[in-house]
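See structure below.
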Amino acid sequence: MRIAERGTACCSILLGENATWLETHAAQELRLYIQKISGAWLLIAGEKEGASLPGGRILVGRPTTHGMIRAFEEREHVLPGESEDENDCVAIAVRGETMVLGGSNQRSVYYSVCHLLQTQFGVGFYYDGDSYTQNPDMTVPDMTLVERSAFRFRHTVGQWVYNFGAFLNAQERRRELDMYARNKINSYRFYSWNTYVRKRTFQKMGVKTEPITPGDIARMEVLRDTAEYARSIGMETMVQMMPQETSLEFYRTYPDARYFGCEWVKDDNAEAETVPYLYPDDPLYKIYVKTFVETWTETCGPCRHFSACPPSEHHISTDIDDFIQMNLDFAKYTCEAVREAVPDARFFFDGWGVRANTPPHIWTMPGVMQRFVDALPEEVYFLDLWPNRKETDSTFREPMYRDANYGPLSQARYVLEPLNEFGGDDHLHGDFERHIEAAREMTDTSVVKRGEGFGNCTELCGVSLHFFDLLFQLAWNPGKVTMEGFLEKTALRRYGAGAGETKGKALGFLHRAVYSHRDSSHARYQKRCYLARPQRRLVPLRESHEVAGLLGQYMQTMAALKDEDKNRFAGRDMFDVMRQYMTEYFNMHLHCLFALFLNRGTSPGDLRPAFELHAALLEQLLIQLERMTGEDEESYVETKVRRYEGRPCDPDVSGTDCMPEDFRGWMRDMGTTFAKTIPNLIDYPSRDYHELIQGYYHPRMTACIDCLRRLLEDGGAADASAVDSLLEERYLAVEQRWVEEGYPVTDACCGEHLPLWKAAENAWRALQPLPLDAGLQESGEPAAAAEVIDVFAGSTESTDMAAGRSWVNENPFSKKD
C-alpha cells in the first residue's frame, strides 16, 4: 500500500461513524508522524464522506465503531474480538490499498498506530525525544499482524517528589504521558505526597491540620489534569496512598484507636520524631482509607488502581510478632477498604515494605513469607521493585521470588518494576540479557504463577535511555525481543540509516561495556571518598578497565563517522558514554592513589611520582568533565532553577514545602546534594551538573588529594580511620560552602553551545594523549574498606542478623495517658 510518494499523500485516513475521542486522537497522531517522515499531509475524514475519496484508505477503529472495518472483518476474519478484560491486542491488516488499524479496545487502536510507526517506519519514542528518518516515499506491504501483550499491566512510576521532576507542569506531564502511551505503557503510578488530598482527608475526619494553601491547590490542579489526560489516552492511573501514617493531632482526635509508633530512618543519634500509625485491624483504619480514596476520587476523578506500602526504612515501635501480624493485616484491610469505596478497584501491595523492612531479618524468619502470601487476598497484586545492581550483598540481585527466603511470592499476583538505580546516580548500566530473561520468566506460569505486569521505575527521575526502551519493549511482549534484534533496531531508530553497520557495531561495544554482565562504576567523585569507612561498591579494577576499553571503542567508532551522520541522539549517547568513560578512569586512578597511600609505610622507594601521576590524571579528568558538561544546557543547575522557579510542587522528602523564598538555594540542596536538608543521605541525588562539578565535586576531590599529599611521607603514622576524620572535615567545609554560597550565577546555561557529539569528541581527543593506562596495577581493595548502600534494602540469606538496623521495641502509643 502506498501512503506517500515524493512527499505527496496517496491515501486518506477514515474514522468510523462512532469513533471515540481516543480513536480520533490515534488518527491525528498517525497523520502527524506521516507528515514528519514524508512531508505528506493526509486528509482525515469520516467513513461516509471518505468512501468516495480517491487513493488508498487507512481505516482507524474497531468493528463496533467503524462500519468499513466491520465489513472488512466479515470478509477477512482476522481482527481480535473486543475485550476490556484480556490483555491488550494490536491489529494491523493491509490488503492492497486498504489498511486497518484496529485492536481489542480503544486504547489498543492507539497502540496499533504507534506499533505501525515503530515496526514499519522505524520511529523511536525515547525519553530524549522522538527519532525518525525522513523519507518522501512511504509504503506498507500486504500483511496481517495481530499481537496480544504478554502483560495486563505495562507499568511505569512517575512524578518523583525528591527533585526537579516534581515541578513538571501540566503540559510537560502530558508530554511524558504521551511518551509512555506511544510505547504501549498502560499503567502510571503517581508518586507524590498528595498534599491537598491528605489535608482534605484529615479535615473530613475532623482532624485539625495545616490550612490548604494556594500552592496546595495549584499542585492539585496539575495532578488532576495529569489524571484526566492519562484516562483520556486509555492509561490506568495508580494512586500511592499513605494510609497508616496519621499525626499527633489525629491521635488526640481519636484517642481510643490503636496505634503503633513509627519514625522514618535517620541518623540513629538524631532526636526521635515518632509518628502514630494506625493498626490495620482497627476499625478506624478502614474509615481512614475509604475517606482518602473517596477524597482522591472527588478531587481527581475516577480511579481503580491504588497502591500502599506498610512502613519500610523505618524505626518501628512494636514487637516482632506485632510487626508480622500488622503486615499480614495491612493487605487484607487496605484492600477491603479500597473496594468498599470503589467496588471494582485493584489494590497493589508495594513490595518496598518487604525489600526494605525494619528490622531486615524478619521476613527471612522461617514461615513468615509463606504466611504473608497465604494471607494475601485474591484481589491484591504484589509490586516488586527490583534494584538493578550487580553482585552486591547489600541488595537483591534478583527479583524477589528467585530468592530462597521469598520464594512463596511466586504464587502471588506479581508485578515486576525494574529500578535502574537508587538515588540520582546517572552512570550507564543495566544488564540487558538479565532483564530479557526475567521478563520472559514472568510469563512462565511454572515459575511465576501469575505474572501480571512488567515495567520500570524512575528513581529521582533518573532515566537510562537504552535500558528503559528495552523495558518498554519487554513489557509488551518479551517473546518477541532478542538481544541482537534490539540492538539492531536501536541503532537504526536512534542513529538513522546512514553508516548503519558502523553505528550498529558501536552500539555493540556499548552493550558489552555497560549493558551486560560487566559492572560499570558509579562516579566516586559524586560521593564522599574514604580510606576505611564503608563505600558504595567499588568495581574491581580489571573489570572497570574492560568497561573503559569498550567505551573507548564505542567513541573511536562513532567519532570516525562523517559529521552529517551524527544526529542529536548519537550526540546524547556519545556525551553519556564519555561521562562514563571518564568515570571509569577516575575511579581506577583514585583506587590506585588510595592504595599507594595506604601502603606508604611498607612500600620501598619514593611513592610521590606515582602519587602525583594519579593526582594529575584525576585533575585532568575532572577538567574535561567540566568543559564537556558546560556545552549541555540540560547539565546546568541554573537551567533547572530558571525553568522551575515559581512553579507549584509537592513538599520535598523532608516534609518542607517547596515554595521557598530562596529557590536557587533550595534547588542547590534538594536538587543536587541533600547536604542541608537530609544530611544522613548526603549526595543521594547526585548527578553530573556543571556547576556541581565545578563548585562541589571538584573542590572536594582537590581537598582529598591535598590532605593525602601532606601525609604521604608520614610513614603510616596516621591510620586510615584518623585520615578519614581529616577528610571528613575538609568535605564538610566544601559542602557547607556549596549550601551557603552556591555557584556564580551566569547566563552560560543558555549561551551558544556545541552539538553534544562535538563536545564529546573534544573531550575524547583531549584525553587520548594522556597516559590514562599508566600505573593501573591491581592491588586489591583497601583492607579496611566495606560496602554500603545509600538506602536500606531487604536482606537475603547471606545477611548477618546481628547487623540489622536498630529499632524501638516500646510502643509510645500503647498506653492511654
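By order in the C-alpha cells, chains are A, B, ...; within a chain, residues start at 1; ligands start at 1, following the order shown.
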*For Gly742 (chain A), please output as a list of chain:residue names all residues within 12 Å (counting only C-alpha atoms; exclusion window: fewer than 2 positions along the same chain).*
A:Val637, A:Glu638, A:Asp662, A:Phe663, A:Arg664, A:Gly665, A:Trp666, A:Met667, A:Arg668, A:Asp669, A:Thr672, A:Thr673, A:Glu691, A:Leu692, A:Ile693, A:Gln694, A:Gly695, A:Tyr696, A:Val734, A:Glu735, A:Gln736, A:Arg737, A:Trp738, A:Val739, A:Glu740, A:Pro744, A:Val745
Kindly export the residues of the current selection with N, CA, C and O atoms, as a CSV table (one decimal), in the first residue's frame.
chain,number,residue,atom,x,y,z
A,637,VAL,N,22.6,23.3,36.8
A,637,VAL,CA,21.6,23.5,37.8
A,637,VAL,C,20.8,24.8,37.5
A,637,VAL,O,19.6,24.8,37.7
A,638,GLU,N,21.5,25.8,37.0
A,638,GLU,CA,20.8,27.0,36.7
A,638,GLU,C,19.7,26.9,35.7
A,638,GLU,O,18.7,27.6,35.7
A,662,ASP,N,14.2,31.5,48.8
A,662,ASP,CA,15.4,31.3,48.1
A,662,ASP,C,15.3,30.0,47.3
A,662,ASP,O,15.9,29.0,47.7
A,663,PHE,N,14.7,30.1,46.1
A,663,PHE,CA,14.5,28.9,45.4
A,663,PHE,C,15.8,28.3,44.9
A,663,PHE,O,16.0,27.1,44.9
A,664,ARG,N,16.7,29.2,44.5
A,664,ARG,CA,18.0,28.7,44.0
A,664,ARG,C,18.8,27.9,45.1
A,664,ARG,O,19.4,26.9,44.8
A,665,GLY,N,18.7,28.5,46.3
A,665,GLY,CA,19.4,27.8,47.4
A,665,GLY,C,18.7,26.5,47.7
A,665,GLY,O,19.4,25.5,48.0
A,666,TRP,N,17.4,26.4,47.6
A,666,TRP,CA,16.7,25.2,47.8
A,666,TRP,C,17.1,24.1,46.8
A,666,TRP,O,17.3,23.0,47.1
A,667,MET,N,17.1,24.6,45.5
A,667,MET,CA,17.4,23.6,44.5
A,667,MET,C,18.9,23.1,44.6
A,667,MET,O,19.2,22.0,44.3
A,668,ARG,N,19.8,24.0,45.0
A,668,ARG,CA,21.2,23.5,45.3
A,668,ARG,C,21.2,22.4,46.3
A,668,ARG,O,22.1,21.5,46.2
A,669,ASP,N,20.3,22.4,47.2
A,669,ASP,CA,20.3,21.3,48.2
A,669,ASP,C,19.5,20.1,47.8
A,669,ASP,O,20.0,19.1,47.5
A,672,THR,N,20.4,18.6,44.3
A,672,THR,CA,21.7,18.1,44.0
A,672,THR,C,22.4,17.3,45.1
A,672,THR,O,23.2,16.4,44.8
A,673,THR,N,22.2,17.6,46.4
A,673,THR,CA,23.1,17.0,47.4
A,673,THR,C,22.4,16.5,48.6
A,673,THR,O,22.9,15.6,49.2
A,691,GLU,N,27.7,23.1,37.3
A,691,GLU,CA,28.1,23.9,38.5
A,691,GLU,C,28.5,23.0,39.7
A,691,GLU,O,29.3,23.4,40.5
A,692,LEU,N,27.8,21.9,39.8
A,692,LEU,CA,28.1,21.0,40.9
A,692,LEU,C,29.5,20.4,40.8
A,692,LEU,O,30.2,20.2,41.8
A,693,ILE,N,29.9,20.1,39.6
A,693,ILE,CA,31.2,19.6,39.4
A,693,ILE,C,32.2,20.6,39.7
A,693,ILE,O,33.2,20.4,40.4
A,694,GLN,N,32.0,21.9,39.2
A,694,GLN,CA,32.9,23.0,39.5
A,694,GLN,C,33.0,23.3,41.0
A,694,GLN,O,34.1,23.5,41.5
A,695,GLY,N,31.9,23.5,41.6
A,695,GLY,CA,31.8,24.1,42.9
A,695,GLY,C,31.7,23.1,44.1
A,695,GLY,O,31.7,23.5,45.3
A,696,TYR,N,31.6,21.8,43.8
A,696,TYR,CA,31.4,20.8,44.8
A,696,TYR,C,32.2,19.5,44.7
A,696,TYR,O,33.1,19.3,45.5
A,734,VAL,N,33.7,22.1,52.2
A,734,VAL,CA,33.3,22.3,50.8
A,734,VAL,C,31.8,22.2,50.7
A,734,VAL,O,31.1,23.0,50.0
A,735,GLU,N,31.2,21.3,51.4
A,735,GLU,CA,29.7,21.1,51.3
A,735,GLU,C,29.0,22.3,51.9
A,735,GLU,O,28.0,22.8,51.4
A,736,GLN,N,29.5,22.8,53.0
A,736,GLN,CA,28.9,24.0,53.6
A,736,GLN,C,29.0,25.2,52.7
A,736,GLN,O,28.1,26.0,52.6
A,737,ARG,N,30.1,25.3,52.1
A,737,ARG,CA,30.3,26.5,51.1
A,737,ARG,C,29.3,26.3,50.0
A,737,ARG,O,28.7,27.4,49.5
A,738,TRP,N,29.1,25.1,49.5
A,738,TRP,CA,28.1,24.9,48.4
A,738,TRP,C,26.7,25.3,48.9
A,738,TRP,O,26.0,26.0,48.2
A,739,VAL,N,26.3,24.9,50.1
A,739,VAL,CA,25.0,25.1,50.6
A,739,VAL,C,24.8,26.6,50.8
A,739,VAL,O,23.7,27.2,50.5
A,740,GLU,N,25.8,27.3,51.4
A,740,GLU,CA,25.6,28.7,51.8
A,740,GLU,C,25.9,29.7,50.6
A,740,GLU,O,25.3,30.7,50.5
A,744,PRO,N,28.6,30.8,41.0
A,744,PRO,CA,28.4,32.1,40.4
A,744,PRO,C,27.3,32.0,39.4
A,744,PRO,O,27.3,31.1,38.5
A,745,VAL,N,26.3,32.9,39.5
A,745,VAL,CA,25.1,32.8,38.6
A,745,VAL,C,25.5,33.6,37.3
A,745,VAL,O,25.8,34.8,37.3
_Need the shell around Cys457 (chain A): protein/DNA/RNA residues with any atom at most 7 Å away, counting only C-alpha atoms. Skip same-chain ones fewer than 2 positions apart. Format as a list in words?_
Thr156, Val157, Glu417, Pro418, Leu419 and Glu459 of chain A
*Please return as a ChimeraX atom specification: the residues of region 382-605 of chain A that backbone DSSP assigns to strand (DSSP E).*
/A:382-387,413-419,450-457
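Residues of region 628-698 of chain A carrying a DSSP assignment of alpha helix (DSSP H), computed from the backbone, are A:Met628, A:Thr629, A:Val637, A:Glu638, A:Thr639, A:Lys640, A:Val641, A:Arg642, A:Arg643, A:Tyr644, A:Phe663, A:Arg664, A:Gly665, A:Trp666, A:Met667, A:Arg668, A:Asp669, A:Met670, A:His690, A:Glu691, A:Leu692, A:His698.
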*Long-range neighbours of region 96-99 of chain A as a PyMOL selection string, 6 Å cut-off, only C-alpha atoms, 4 positions minimum in chain*: chain A and resi 1+56-58
*Best match for closeness to Gly571 (chain A) among A:Met138, A:Ala559, A:Leu510, A:Leu622, counting only C-alpha atoms*: A:Ala559
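Minimum atom-to-atom distance to Lys48 (chain A), evaluated using only C-alpha atoms, belongs to A:Glu17 out of A:Glu76, A:Glu17, A:Asp384, A:Asp773.
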*Exercise: region 365-374 of chain A partners within 7 Å, only C-alpha atoms, chain neighbours under 5 positions left out, as an NGL selection string*: :A and (328 or 406 or 408-409 or 412)
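Taking only C-alpha atoms into account, Asp714 (chain A) lies nearest to A:Phe597 out of the set A:Tyr126, A:Tyr251, A:Phe597, A:Tyr277.
Excluding Val109 (chain A) and any residue on its chain fewer than 6 positions from it, the residues at most 7 Å away by only C-alpha atoms are Glu23, Gly61, Val90, Leu101, Gly102 and Gly103 of chain A.
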Generate the output file for the selected residues, all heavy atoms, as a PDB file, in the first residue's frame.
ATOM      1  N   GLU A  23      -9.752   7.172  19.446  1.00  0.00           N
ATOM      2  CA  GLU A  23      -9.553   6.727  18.070  1.00  0.00           C
ATOM      3  C   GLU A  23      -9.280   7.909  17.149  1.00  0.00           C
ATOM      4  O   GLU A  23      -8.433   7.826  16.251  1.00  0.00           O
ATOM      5  CB  GLU A  23     -10.779   5.934  17.599  1.00  0.00           C
ATOM      6  CG  GLU A  23     -10.894   4.568  18.274  1.00  0.00           C
ATOM      7  CD  GLU A  23     -12.186   3.846  17.949  1.00  0.00           C
ATOM      8  OE1 GLU A  23     -13.140   4.499  17.467  1.00  0.00           O
ATOM      9  OE2 GLU A  23     -12.252   2.624  18.185  1.00  0.00           O
ATOM     10  N   GLY A  61     -10.011   2.247  13.818  1.00  0.00           N
ATOM     11  CA  GLY A  61     -11.124   1.996  14.716  1.00  0.00           C
ATOM     12  C   GLY A  61     -11.363   0.519  14.924  1.00  0.00           C
ATOM     13  O   GLY A  61     -10.484  -0.328  14.704  1.00  0.00           O
ATOM     14  N   VAL A  90      -3.035  -5.569  19.626  1.00  0.00           N
ATOM     15  CA  VAL A  90      -2.972  -4.691  18.467  1.00  0.00           C
ATOM     16  C   VAL A  90      -3.364  -5.484  17.223  1.00  0.00           C
ATOM     17  O   VAL A  90      -3.226  -6.712  17.183  1.00  0.00           O
ATOM     18  CB  VAL A  90      -1.570  -4.076  18.275  1.00  0.00           C
ATOM     19  CG1 VAL A  90      -1.181  -3.237  19.474  1.00  0.00           C
ATOM     20  CG2 VAL A  90      -0.529  -5.157  18.016  1.00  0.00           C
ATOM     21  N   LEU A 101      -6.240  -0.340  11.037  1.00  0.00           N
ATOM     22  CA  LEU A 101      -5.534  -0.203  12.311  1.00  0.00           C
ATOM     23  C   LEU A 101      -6.586  -0.323  13.403  1.00  0.00           C
ATOM     24  O   LEU A 101      -7.321   0.620  13.687  1.00  0.00           O
ATOM     25  CB  LEU A 101      -4.810   1.140  12.386  1.00  0.00           C
ATOM     26  CG  LEU A 101      -3.677   1.341  11.365  1.00  0.00           C
ATOM     27  CD1 LEU A 101      -3.149   2.762  11.415  1.00  0.00           C
ATOM     28  CD2 LEU A 101      -2.549   0.345  11.618  1.00  0.00           C
ATOM     29  N   GLY A 102      -6.670  -1.518  13.989  1.00  0.00           N
ATOM     30  CA  GLY A 102      -7.700  -1.790  14.983  1.00  0.00           C
ATOM     31  C   GLY A 102      -7.102  -2.289  16.279  1.00  0.00           C
ATOM     32  O   GLY A 102      -5.927  -2.069  16.566  1.00  0.00           O
ATOM     33  N   GLY A 103      -7.931  -2.994  17.041  1.00  0.00           N
ATOM     34  CA  GLY A 103      -7.456  -3.503  18.320  1.00  0.00           C
ATOM     35  C   GLY A 103      -8.588  -4.059  19.135  1.00  0.00           C
ATOM     36  O   GLY A 103      -9.757  -3.989  18.749  1.00  0.00           O
TER      37      GLY A 103
END
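When the distance limit is 6 Å and only C-alpha atoms are what count, the residues near region 723-727 of chain A, minus those fewer than 3 positions from it on the same chain, are Tyr530, Ala720 and Arg730 of chain A.
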Preceding selection exported with N, CA and C atoms as a PDB file, in the first residue's frame:
ATOM      1  N   TYR A 530      36.474   7.769  51.129  1.00  0.00           N
ATOM      2  CA  TYR A 530      37.220   7.487  52.353  1.00  0.00           C
ATOM      3  C   TYR A 530      38.178   6.323  52.130  1.00  0.00           C
ATOM      4  N   ALA A 720      44.190   4.767  58.867  1.00  0.00           N
ATOM      5  CA  ALA A 720      43.139   5.087  57.892  1.00  0.00           C
ATOM      6  C   ALA A 720      41.958   5.788  58.538  1.00  0.00           C
ATOM      7  N   ARG A 730      37.386  18.332  55.796  1.00  0.00           N
ATOM      8  CA  ARG A 730      37.546  19.067  54.532  1.00  0.00           C
ATOM      9  C   ARG A 730      36.300  18.945  53.658  1.00  0.00           C
TER      10      ARG A 730
END
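The shortest atom-to-atom distance to Arg647 (chain A), with only C-alpha atoms taken into account, belongs to A:Ala170 out of A:Cys11, A:Val577, A:Met143, A:Ala170.
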Sort by chain and increasing residue number a table of all residues of region 508-542 of chain A within 7 Å of region 424-435 of chain A, each with its closest pair of atoms and their distance in Å to one decimal, counting only C-alpha atoms, and write it as CSV.
residue,atom,partner,partner_atom,distance
A:Val514,CA,A:His429,CA,4.9
A:Tyr515,CA,A:Asp431,CA,4.6
A:Ser516,CA,A:Asp431,CA,4.4
A:His517,CA,A:Asp431,CA,5.9
A:Ser520,CA,A:His429,CA,6.1
A:Ser521,CA,A:His427,CA,6.9
A:His522,CA,A:His427,CA,5.5
Export of prior selection with N, CA, C and O atoms as a PDB file, in the first residue's frame:
ATOM      1  N   VAL A 514      28.527  -1.700  29.238  1.00  0.00           N
ATOM      2  CA  VAL A 514      27.735  -1.301  30.407  1.00  0.00           C
ATOM      3  C   VAL A 514      26.371  -1.965  30.505  1.00  0.00           C
ATOM      4  O   VAL A 514      25.750  -1.939  31.564  1.00  0.00           O
ATOM      5  N   TYR A 515      25.873  -2.551  29.416  1.00  0.00           N
ATOM      6  CA  TYR A 515      24.560  -3.190  29.447  1.00  0.00           C
ATOM      7  C   TYR A 515      24.710  -4.706  29.372  1.00  0.00           C
ATOM      8  O   TYR A 515      24.017  -5.380  28.619  1.00  0.00           O
ATOM      9  N   SER A 516      25.624  -5.234  30.169  1.00  0.00           N
ATOM     10  CA  SER A 516      25.942  -6.659  30.130  1.00  0.00           C
ATOM     11  C   SER A 516      26.269  -7.118  31.539  1.00  0.00           C
ATOM     12  O   SER A 516      25.948  -6.453  32.519  1.00  0.00           O
ATOM     13  N   HIS A 517      26.946  -8.264  31.643  1.00  0.00           N
ATOM     14  CA  HIS A 517      27.318  -8.803  32.954  1.00  0.00           C
ATOM     15  C   HIS A 517      28.404  -7.959  33.612  1.00  0.00           C
ATOM     16  O   HIS A 517      28.609  -8.058  34.827  1.00  0.00           O
ATOM     17  N   SER A 520      29.574  -1.577  35.456  1.00  0.00           N
ATOM     18  CA  SER A 520      30.090  -0.220  35.296  1.00  0.00           C
ATOM     19  C   SER A 520      30.096   0.476  36.648  1.00  0.00           C
ATOM     20  O   SER A 520      29.446   0.042  37.598  1.00  0.00           O
ATOM     21  N   SER A 521      30.807   1.586  36.745  1.00  0.00           N
ATOM     22  CA  SER A 521      31.041   2.245  38.032  1.00  0.00           C
ATOM     23  C   SER A 521      30.152   3.455  38.227  1.00  0.00           C
ATOM     24  O   SER A 521      29.943   4.232  37.294  1.00  0.00           O
ATOM     25  N   HIS A 522      29.656   3.635  39.440  1.00  0.00           N
ATOM     26  CA  HIS A 522      29.097   4.930  39.788  1.00  0.00           C
ATOM     27  C   HIS A 522      30.270   5.908  39.941  1.00  0.00           C
ATOM     28  O   HIS A 522      31.410   5.490  40.191  1.00  0.00           O
TER      29      HIS A 522
END
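Note that CA of Phe486 (chain A) and CA of Gln580 (chain A) are 21.9 Å apart.
Note that the spacing between CA of Met179 (chain A) and CA of Gly129 (chain A) amounts to 8.5 Å.
The interatomic distance for the pair CA of Cys300 (chain A) and CA of Ser149 (chain A) works out to 28.6 Å.
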*asked:* With distances taken over only C-alpha atoms, which residue among A:Lys489, A:Arg542, A:Lys503, A:Arg152 lies nearest Met558 (chain A)?
replied: A:Lys503
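For the choices A:Lys208, A:His466, A:Arg402, A:Arg537, the atom-to-atom distance to Met442 (chain A) is smallest for A:Arg402 when using only C-alpha atoms.
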